[in-house]
Amino acid sequence: MQVKITKWGNSQGIRLSKSMLASIGMTNPVGQRLEISVEKDKIVIEKVRSMSKLAERFKNFNSDCYRKSNRDVKAFDWGINAGKELL
């Protein structure tokens, strides 16, 4: 697909068609982010994979390693019940 570079204020820009964005899974593209890079003589535009903040915090978490390192840890003794705790 060919597009024309146009002037937008003090910048230049191109328009991406709705069908082109839908082909990479961007059905509601307004506000979504794209990664733009230059490789030799090409401009590469890629969809940014979005992660929740919780998923981002745990992206390098290795559960197998955690289980092995905490295998011998016993349950913590909080003492006797003092109120209406649920077990």
# chains A, B, ... in the order shown; residues from 1 in each chain; ligands from 1
>>> residues_around(residues="region 28-40 of chain A", least_positions_apart="6", cutoff="9 Å", atoms="only C-alpha atoms", output="list of chain:residue names")
A:Lys18, A:Leu21, A:Ala22, A:Glu46, A:Lys47, A:Val48, A:Arg49, A:Ser50
>>> select_by_dssp(residues="chain A", states="helix (DSSP H, G or I)", output="VMD selection string")
chain A and resid 18 to 23 53 to 57 63 to 69
>>> residues_around(residues="Gln2 (chain A)", least_positions_apart="3", cutoff="12 Å", atoms="only C-alpha atoms", output="VMD selection string")
chain A and resid 5 14 to 17 20
>>> write_last_selection(atoms="all heavy atoms", output="PDB file, in the first residue's frame")
ATOM      1  N   ILE A   5       3.207  11.333   2.263  1.00  0.00           N
ATOM      2  CA  ILE A   5       3.627  12.096   3.433  1.00  0.00           C
ATOM      3  C   ILE A   5       3.022  13.486   3.324  1.00  0.00           C
ATOM      4  O   ILE A   5       3.130  14.143   2.284  1.00  0.00           O
ATOM      5  CB  ILE A   5       5.162  12.170   3.524  1.00  0.00           C
ATOM      6  CG1 ILE A   5       5.749  10.767   3.679  1.00  0.00           C
ATOM      7  CG2 ILE A   5       5.586  13.056   4.692  1.00  0.00           C
ATOM      8  CD1 ILE A   5       7.265  10.717   3.643  1.00  0.00           C
ATOM      9  N   ILE A  14       1.933  10.443   8.141  1.00  0.00           N
ATOM     10  CA  ILE A  14       1.221   9.556   7.219  1.00  0.00           C
ATOM     11  C   ILE A  14      -0.035   9.065   7.933  1.00  0.00           C
ATOM     12  O   ILE A  14      -0.111   9.079   9.155  1.00  0.00           O
ATOM     13  CB  ILE A  14       2.082   8.345   6.784  1.00  0.00           C
ATOM     14  CG1 ILE A  14       2.479   7.502   7.988  1.00  0.00           C
ATOM     15  CG2 ILE A  14       3.293   8.792   6.000  1.00  0.00           C
ATOM     16  CD1 ILE A  14       3.110   6.178   7.642  1.00  0.00           C
ATOM     17  N   ARG A  15      -0.988   8.646   7.156  1.00  0.00           N
ATOM     18  CA  ARG A  15      -2.211   8.064   7.705  1.00  0.00           C
ATOM     19  C   ARG A  15      -2.182   6.564   7.486  1.00  0.00           C
ATOM     20  O   ARG A  15      -1.790   6.091   6.414  1.00  0.00           O
ATOM     21  CB  ARG A  15      -3.443   8.647   7.022  1.00  0.00           C
ATOM     22  CG  ARG A  15      -3.685  10.080   7.372  1.00  0.00           C
ATOM     23  CD  ARG A  15      -4.970  10.554   6.761  1.00  0.00           C
ATOM     24  NE  ARG A  15      -5.199  11.952   7.106  1.00  0.00           N
ATOM     25  CZ  ARG A  15      -6.328  12.571   6.894  1.00  0.00           C
ATOM     26  NH1 ARG A  15      -7.323  11.948   6.308  1.00  0.00           N
ATOM     27  NH2 ARG A  15      -6.467  13.819   7.238  1.00  0.00           N
ATOM     28  N   LEU A  16      -2.594   5.828   8.497  1.00  0.00           N
ATOM     29  CA  LEU A  16      -2.686   4.374   8.401  1.00  0.00           C
ATOM     30  C   LEU A  16      -4.156   3.995   8.321  1.00  0.00           C
ATOM     31  O   LEU A  16      -4.953   4.421   9.153  1.00  0.00           O
ATOM     32  CB  LEU A  16      -2.031   3.720   9.629  1.00  0.00           C
ATOM     33  CG  LEU A  16      -0.568   4.106   9.873  1.00  0.00           C
ATOM     34  CD1 LEU A  16      -0.082   3.529  11.188  1.00  0.00           C
ATOM     35  CD2 LEU A  16       0.300   3.639   8.730  1.00  0.00           C
ATOM     36  N   SER A  17      -4.512   3.201   7.341  1.00  0.00           N
ATOM     37  CA  SER A  17      -5.915   2.857   7.143  1.00  0.00           C
ATOM     38  C   SER A  17      -6.417   1.936   8.256  1.00  0.00           C
ATOM     39  O   SER A  17      -5.649   1.200   8.882  1.00  0.00           O
ATOM     40  CB  SER A  17      -6.113   2.168   5.788  1.00  0.00           C
ATOM     41  OG  SER A  17      -5.525   0.885   5.811  1.00  0.00           O
ATOM     42  N   MET A  20      -5.650  -1.685   7.560  1.00  0.00           N
ATOM     43  CA  MET A  20      -4.262  -2.053   7.791  1.00  0.00           C
ATOM     44  C   MET A  20      -4.024  -2.296   9.282  1.00  0.00           C
ATOM     45  O   MET A  20      -3.378  -3.268   9.670  1.00  0.00           O
ATOM     46  CB  MET A  20      -3.324  -0.952   7.293  1.00  0.00           C
ATOM     47  CG  MET A  20      -1.847  -1.290   7.463  1.00  0.00           C
ATOM     48  SD  MET A  20      -0.758   0.063   7.004  1.00  0.00           S
ATOM     49  CE  MET A  20      -1.156   0.255   5.284  1.00  0.00           C
TER      50      MET A  20
END
>>> closest_residue(among="A:Thr27, A:Asn81, A:Ser63, A:Ser19", to="Met1 (chain A)", atoms="only C-alpha atoms")
A:Ser19
